[in-house]
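To be precise, the following lines are input-v8.txt, and they hold compact mmCIF, C-alpha atoms.
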# COMPACT_ATOMS: atom_id res chain seq x y z
CA MET A 1 102.29 78.30 48.07
CA THR A 2 105.20 76.36 49.56
CA LEU A 3 107.09 79.64 49.75
CA ARG A 4 104.22 81.19 51.69
CA ILE A 5 104.16 78.23 54.09
CA LEU A 6 107.91 78.50 54.52
CA LYS A 7 107.61 82.22 55.20
CA GLY A 8 104.85 81.54 57.72
CA THR A 9 106.93 78.93 59.53
CA LEU A 10 109.92 81.25 59.60
CA LEU A 11 107.79 84.02 61.07
CA LEU A 12 106.43 81.63 63.67
CA ILE A 13 109.91 80.50 64.67
CA LEU A 14 111.12 84.07 64.82
CA SER A 15 108.20 85.33 66.88
CA ALA A 16 108.50 82.33 69.21
CA GLY A 17 112.14 83.24 69.70
CA LEU A 18 111.22 86.84 70.44
CA LEU A 19 108.55 85.77 72.89
CA ASP A 20 111.05 83.54 74.61
CA LEU A 21 113.49 86.44 74.85
CA SER A 22 110.92 88.83 76.25
CA CYS A 23 109.89 86.25 78.83
CA LYS A 24 113.49 85.81 79.90
CA GLY A 25 113.85 89.58 80.18
CA ARG A 26 110.82 89.80 82.39
CA GLU A 27 112.09 87.00 84.58
CA LYS A 28 115.29 88.96 85.15
CA ASP A 29 113.39 92.16 86.03
CA LYS A 30 111.41 90.22 88.58
CA ASP A 31 114.60 89.05 90.23
CA ILE A 32 115.93 92.59 90.49
CA ASP A 33 112.64 93.79 91.98
CA ALA A 34 112.57 90.99 94.49
CA THR A 35 114.51 92.77 97.24
CA PRO A 36 112.71 96.15 97.16
CA ASN A 37 109.42 94.27 97.00
CA ILE A 38 110.07 92.75 100.40
CA ASP A 39 110.53 96.24 101.81
CA THR A 40 107.33 97.45 100.21
CA VAL A 41 105.37 94.60 101.70
CA SER A 42 106.57 95.39 105.19
CA THR A 43 105.86 99.11 104.83
CA VAL A 44 102.40 98.53 103.38
CA ASP A 45 101.64 96.56 106.52
CA THR A 46 102.43 99.53 108.74
CA SER A 47 100.58 102.17 106.74
CA ALA A 48 97.56 100.12 105.70
CA PRO A 49 95.65 100.45 109.00
CA VAL A 50 95.33 104.21 108.52
CA THR A 51 93.09 104.00 105.50
CA THR A 52 91.19 100.89 106.54
CA ALA A 53 90.41 99.75 110.08
CA PRO A 54 92.93 101.30 112.47
CA GLU A 55 94.81 98.82 114.59
CA THR A 56 94.15 99.33 118.24
CA VAL A 57 97.12 100.32 120.32
CA THR A 58 97.76 97.89 123.16
CA GLU A 59 98.66 98.71 126.76
CA ALA A 60 101.95 96.81 126.31
CA GLN A 61 102.91 98.90 123.26
CA LEU A 62 102.13 102.09 125.14
CA ARG A 63 104.14 100.95 128.15
CA ASP A 64 107.14 100.22 125.88
CA ALA A 65 106.78 103.59 124.14
CA THR A 66 106.73 105.63 127.36
CA LYS A 67 109.11 103.55 129.50
CA ASP A 68 112.03 105.97 129.10
CA PHE A 69 110.00 108.93 130.42
CA PRO A 70 109.56 108.23 134.15
CA GLY A 71 107.50 111.33 135.02
CA VAL A 72 104.89 110.58 132.37
CA THR A 73 101.69 108.60 132.74
CA ALA A 74 100.00 107.35 129.58
CA THR A 75 96.47 106.05 129.59
CA LEU A 76 94.59 104.38 126.79
CA ASN A 77 90.90 104.81 126.10
CA ASN A 78 89.25 103.54 122.89
CA GLY A 79 92.49 103.84 120.94
CA GLU A 80 93.10 107.38 122.23
CA VAL A 81 96.22 108.09 124.29
CA THR A 82 96.21 110.68 127.07
CA LEU A 83 99.52 111.88 128.48
CA THR A 84 99.70 113.37 131.97
CA GLY A 85 102.54 114.17 134.35
CA ILE A 86 105.71 116.20 134.07
CA ILE A 87 108.31 116.32 131.31
CA SER A 88 111.05 118.69 130.19
CA ARG A 89 110.24 120.59 127.00
CA ASP A 90 113.37 119.13 125.35
CA ASP A 91 112.14 115.57 125.89
CA LEU A 92 108.61 116.20 124.61
CA PRO A 93 109.33 115.66 120.86
CA ARG A 94 110.97 112.28 121.55
CA LEU A 95 108.03 111.15 123.68
CA MET A 96 105.52 112.29 121.04
CA GLN A 97 107.48 110.51 118.30
CA SER A 98 107.49 107.32 120.32
CA VAL A 99 103.75 107.47 121.07
CA GLN A 100 102.58 108.62 117.63
CA ALA A 101 104.64 105.83 116.02
CA LEU A 102 102.01 103.49 117.47
CA ASN A 103 99.48 105.25 115.24
CA PRO A 104 96.83 105.78 117.92
CA LYS A 105 93.53 107.47 117.02
CA LYS A 106 94.54 110.60 118.89
CA VAL A 107 97.08 111.88 121.43
CA ASN A 108 95.84 114.23 124.15
CA ASN A 109 98.84 116.04 125.54
CA ASN A 110 98.00 117.21 129.07
CA LEU A 111 101.63 117.25 130.23
CA THR A 112 103.12 120.07 132.23
CA PHE A 113 106.71 121.21 131.90
CA LYS A 114 109.42 120.93 134.54
CA MET B 115 83.82 116.15 107.27
CA ARG B 116 85.48 116.66 103.92
CA ARG B 117 85.85 120.37 104.68
CA PHE B 118 87.48 119.56 107.99
CA PHE B 119 89.96 117.27 106.22
CA MET B 120 90.81 120.07 103.79
CA ALA B 121 91.29 122.52 106.68
CA LEU B 122 93.64 120.12 108.46
CA GLN B 123 95.57 119.47 105.28
CA ASP B 124 95.86 123.20 104.87
CA LYS B 125 97.08 123.68 108.44
CA TYR B 126 99.80 121.04 107.99
CA LYS B 127 100.48 121.80 104.32
CA GLU B 128 104.14 122.68 104.91
CA LEU B 129 104.64 119.36 106.69
CA ILE B 130 102.97 117.33 103.93
CA ASP B 131 104.86 119.21 101.19
CA THR B 132 108.19 118.73 102.99
CA ALA B 133 107.53 114.99 103.41
CA ARG B 134 106.67 114.72 99.73
CA ASN B 135 109.75 116.70 98.63
CA ALA B 136 112.03 114.69 100.93
CA GLY B 137 110.96 111.50 99.15
CA VAL B 138 109.12 109.88 102.07
CA GLN B 139 108.05 106.43 100.83
CA ASN B 140 104.44 105.22 100.96
CA LEU B 141 103.32 108.64 102.11
CA GLN B 142 99.67 108.57 103.12
CA VAL B 143 97.53 111.42 104.34
CA SER B 144 94.12 110.55 105.71
CA GLU B 145 91.61 111.83 108.23
CA GLN B 146 89.72 109.97 110.93
CA ASN B 147 87.41 111.51 113.52
CA ASN B 148 88.88 114.98 112.97
CA VAL B 149 92.48 113.77 113.33
CA LEU B 150 94.87 113.93 110.39
CA HIS B 151 97.14 110.89 109.98
CA ILE B 152 100.38 111.26 108.04
CA THR B 153 102.27 108.01 107.62
CA GLY B 154 105.29 106.88 105.63
CA GLU B 155 108.90 105.78 105.68
CA ALA B 156 111.70 108.33 105.72
CA SER B 157 115.06 107.26 104.32
CA ASN B 158 117.00 108.94 107.14
CA ALA B 159 116.67 110.30 110.65
CA GLN B 160 117.30 113.87 109.49
CA THR B 161 114.09 113.93 107.41
CA LYS B 162 112.12 112.68 110.38
CA ASP B 163 113.63 115.37 112.65
CA THR B 164 112.85 118.08 110.09
CA LEU B 165 109.20 116.96 109.92
CA TRP B 166 108.91 116.96 113.71
CA ASN B 167 110.42 120.44 113.92
CA ILE B 168 107.80 121.71 111.47
CA TYR B 169 105.06 119.91 113.41
CA ASN B 170 106.22 121.56 116.67
CA ARG B 171 106.26 124.97 115.00
CA ILE B 172 102.75 124.66 113.48
CA ASP B 173 101.28 123.14 116.65
CA PRO B 174 103.45 124.37 119.56
CA ASP B 175 104.12 121.57 122.10
CA PHE B 176 101.73 119.28 120.18
CA ARG B 177 98.69 120.48 122.14
CA ALA B 178 95.99 120.48 119.44
CA GLY B 179 95.63 116.69 119.21
CA ASP B 180 94.63 116.94 115.55
CA LEU B 181 97.61 115.19 113.95
CA ILE B 182 99.27 111.78 114.17
CA LEU B 183 102.67 111.95 112.50
CA ASP B 184 103.86 108.40 111.97
CA VAL B 185 106.77 108.81 109.57
CA ASN B 186 109.43 106.48 110.86
CA ALA B 187 113.06 106.31 109.86
CA SER B 188 113.96 102.96 111.32
CA ALA B 189 116.37 100.77 109.38
CA SER B 190 114.91 97.86 107.43
CA ALA B 191 115.89 94.20 107.70
CA GLY B 192 119.26 93.25 106.26
CA THR B 193 120.71 96.75 106.60
CA LYS B 194 123.11 98.46 108.99
CA ALA B 195 121.62 100.80 111.56
CA LYS B 196 123.00 103.42 113.88
CA VAL B 197 121.94 103.56 117.53
CA VAL B 198 120.32 106.99 117.92
CA THR B 199 119.64 107.20 121.65
CA GLU B 200 119.95 110.64 123.25
CA SER B 201 123.25 109.67 124.90
CA SER B 202 122.72 106.39 126.75
CA ASN B 203 123.29 102.77 125.73
CA LEU B 204 120.47 100.86 124.08
CA ASN B 205 119.13 97.78 125.85
CA ILE B 206 119.27 94.53 123.91
CA ARG B 207 116.52 92.25 125.17
CA LYS B 208 115.81 88.55 124.98
CA GLY B 209 112.40 89.14 123.40
CA PRO B 210 110.39 92.00 121.87
CA GLY B 211 109.05 93.84 124.92
CA THR B 212 110.29 95.92 127.84
CA ASP B 213 109.12 93.09 130.12
CA GLN B 214 111.84 90.89 128.56
CA PRO B 215 115.24 90.56 130.30
CA VAL B 216 118.13 92.76 129.13
CA ILE B 217 120.84 90.50 127.70
CA GLY B 218 123.22 93.17 126.38
CA LYS B 219 123.80 96.78 125.42
CA ALA B 220 124.53 98.62 122.20
CA ALA B 221 126.49 101.84 122.65
CA HIS B 222 125.22 105.29 121.65
CA HIS B 223 126.00 105.76 117.90
CA GLU B 224 127.19 102.15 117.54
CA ILE B 225 126.51 100.55 114.14
CA VAL B 226 124.54 97.29 114.32
CA THR B 227 122.99 94.91 111.78
CA VAL B 228 119.20 94.64 111.57
CA LEU B 229 118.34 90.95 111.13
CA SER B 230 114.57 91.35 111.03
CA LYS B 231 111.74 93.60 112.13
CA THR B 232 109.45 91.82 114.53
CA ASN B 233 106.76 94.50 114.35
CA ASP B 234 106.54 98.29 114.14
CA GLN B 235 108.23 98.66 117.52
CA TRP B 236 110.87 95.95 117.79
CA SER B 237 113.81 94.85 115.65
CA LEU B 238 116.09 91.84 116.00
CA ILE B 239 119.70 93.01 115.73
CA ARG B 240 123.27 91.73 115.92
CA THR B 241 126.19 93.80 117.20
CA ASN B 242 129.71 93.63 115.74
CA LYS B 243 130.70 91.63 118.82
CA GLY B 244 128.08 89.05 117.92
CA ALA B 245 125.43 89.82 120.56
CA GLU B 246 121.93 89.17 119.24
CA GLY B 247 118.61 90.34 120.60
CA TYR B 248 115.70 92.75 120.34
CA VAL B 249 115.88 96.54 120.53
CA TYR B 250 113.31 99.31 120.29
CA SER B 251 113.20 100.35 116.59
CA GLN B 252 112.66 104.00 117.50
CA TYR B 253 116.34 104.13 118.49
CA LEU B 254 117.64 102.78 115.19
CA ALA B 255 118.24 104.96 112.14
CA PRO B 256 119.48 103.87 108.71
CA ALA B 257 123.31 104.01 108.91

If you took the structure in this file and wrote it as structure tokens, what would it be?
Amino acid sequence: MTLRILKGTLLLILSAGLLDLSCKGREKDKDIDATPNIDTVSTVDTSAPVTTAPETVTEAQLRDATKDFPGVTATLNNGEVTLTGIISRDDLPRLMQSVQALNPKKVNNNLTFK
Amino acid sequence: MRRFFMALQDKYKELIDTARNAGVQNLQVSEQNNVLHITGEASNAQTKDTLWNIYNRIDPDFRAGDLILDVNASASAGTKAKVVTESSNLNIRKGPGTDQPVIGKAAHHEIVTVLSKTNDQWSLIRTNKGAEGYVYSQYLAPA
């Protein structure tokens, strides 16, 4: 009987020790994950609007995105961007990248080439 | 609607597959009002350029208006970034917006430190000379 109790206590002590160890291990893992987690949070923020309610593009954002393309006029209507004016074909991809990075509902490209 | 989504996914399949194979993080493909949205984070500017070249080939001059490709390759906070303007200097502004005064310049291909990302468009940076201010994230690529 006493032997059994002793055994039981030993087991308890051992398992408590193991539990303690595993907890410590987990704590460490959490620390290592901490930095990438911050990145994930910020990226989730940017991609989340696509699947849920899309964020509406603002006039200020659109002005910033098209500022470096003087011949281009960008108008905003219900989250849709329409591009008019003149651009060189070489500059078009950069303009589209800049505008689509705002994640508008749609981009209507009515631009003509120089 | 579902069939339309499938058709769009099929049209831009090469783009989606390339993004997946290039290890684009948080890659999401969704459809809204007959427009396909592909979003994610590329680890370098080259991946982003490759995706845009494919986009331009599938939909010449981006005329169809059926895709929003929002895979950015801007450097994250706490990392070094390279200024990837076409050839000009990059304006460093007092605040996050083109209505803010220019307080400095970062040279084309200069390496700067990203201190924080204000939003999707603007990053707070510091140059090696110690100038601090906001720049347009589109012109920063992971160094």

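Excluding B:Ala220 and any residue on its chain fewer than 5 positions from it, the residues at most 7 Å away by only C-alpha atoms are Asn203, Leu204, Asn205 and Ile206 of chain B.
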
Pick out the closest residue to B:Glu246 from this set: B:Asn158, B:Ala191, B:Leu129, B:Thr227. Count all atoms listed in the file.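 Smallest distance to B:Glu246 is found for B:Thr227.
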
Near-B:Lys162 list (9 Å; all atoms listed in the file; drop same-chain fewer than 5 positions) as a PyMOL selection string: chain B and resi 133+155-157+167+185-187

Take the selection from the previous step and output its residues with C-alpha atoms, as a compact mmCIF listing (two decimals), in the coordinates of the input.
# COMPACT_ATOMS: atom_id res chain seq x y z
CA ALA B 133 107.53 114.99 103.41
CA GLU B 155 108.90 105.78 105.68
CA ALA B 156 111.70 108.33 105.72
CA SER B 157 115.06 107.26 104.32
CA ASN B 167 110.42 120.44 113.92
CA VAL B 185 106.77 108.81 109.57
CA ASN B 186 109.43 106.48 110.86
CA ALA B 187 113.06 106.31 109.86

Quick one: residues within 9 Å of B:Arg207, all atoms listed in the file counted, chain neighbours fewer than 6 positions away excluded, as JSON, numbers by chain? {"B": [213, 214, 215, 216, 217, 218, 219, 246, 247, 248, 249]}

Residues of chain A no more than 6 Å from chain B, counting only C-alpha atoms: send them over as a count of residues only. 6

Just to confirm, what's the straight-line distance from atom CA of A:Ser98 to atom CA of B:Ile172 in Å (one decimal)?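 Here the two named atoms are 19.2 Å from each other.
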
When you draw a straight line from atom CA of A:Ala74 to atom CA of A:Leu62, how long is it in Å?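 Interatomic distance here is 7.2 Å.
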
Just to confirm, what's the straight-line distance from atom CA of B:Ala195 to atom CA of A:Phe69 in Å (one decimal)?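 Calculated distance between atom CA of B:Ala195 and atom CA of A:Phe69 is 23.6 Å.
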
Draw an axis-aligned box over all listed atoms of stretch 230-243 of chain B, pad each side with 8 Å, and write its centre and edge lengths in Å, one decimal, as JSON.
{"center_x": 118.6, "center_y": 95.0, "center_z": 114.9, "size_x": 40.2, "size_y": 23.3, "size_z": 23.8}

Long-range neighbours of B:Glu224 as a PyMOL selection string, 12 Å cut-off, all atoms listed in the file, 4 positions minimum in chain: chain B and resi 194-199+201-204+219-220+239-243+253-257

Find, counting all atoms listed in the file, the residue in A:Ala65, A:Leu76, A:Val57, A:Val81 that gets nearest to A:Lys106. A:Val81
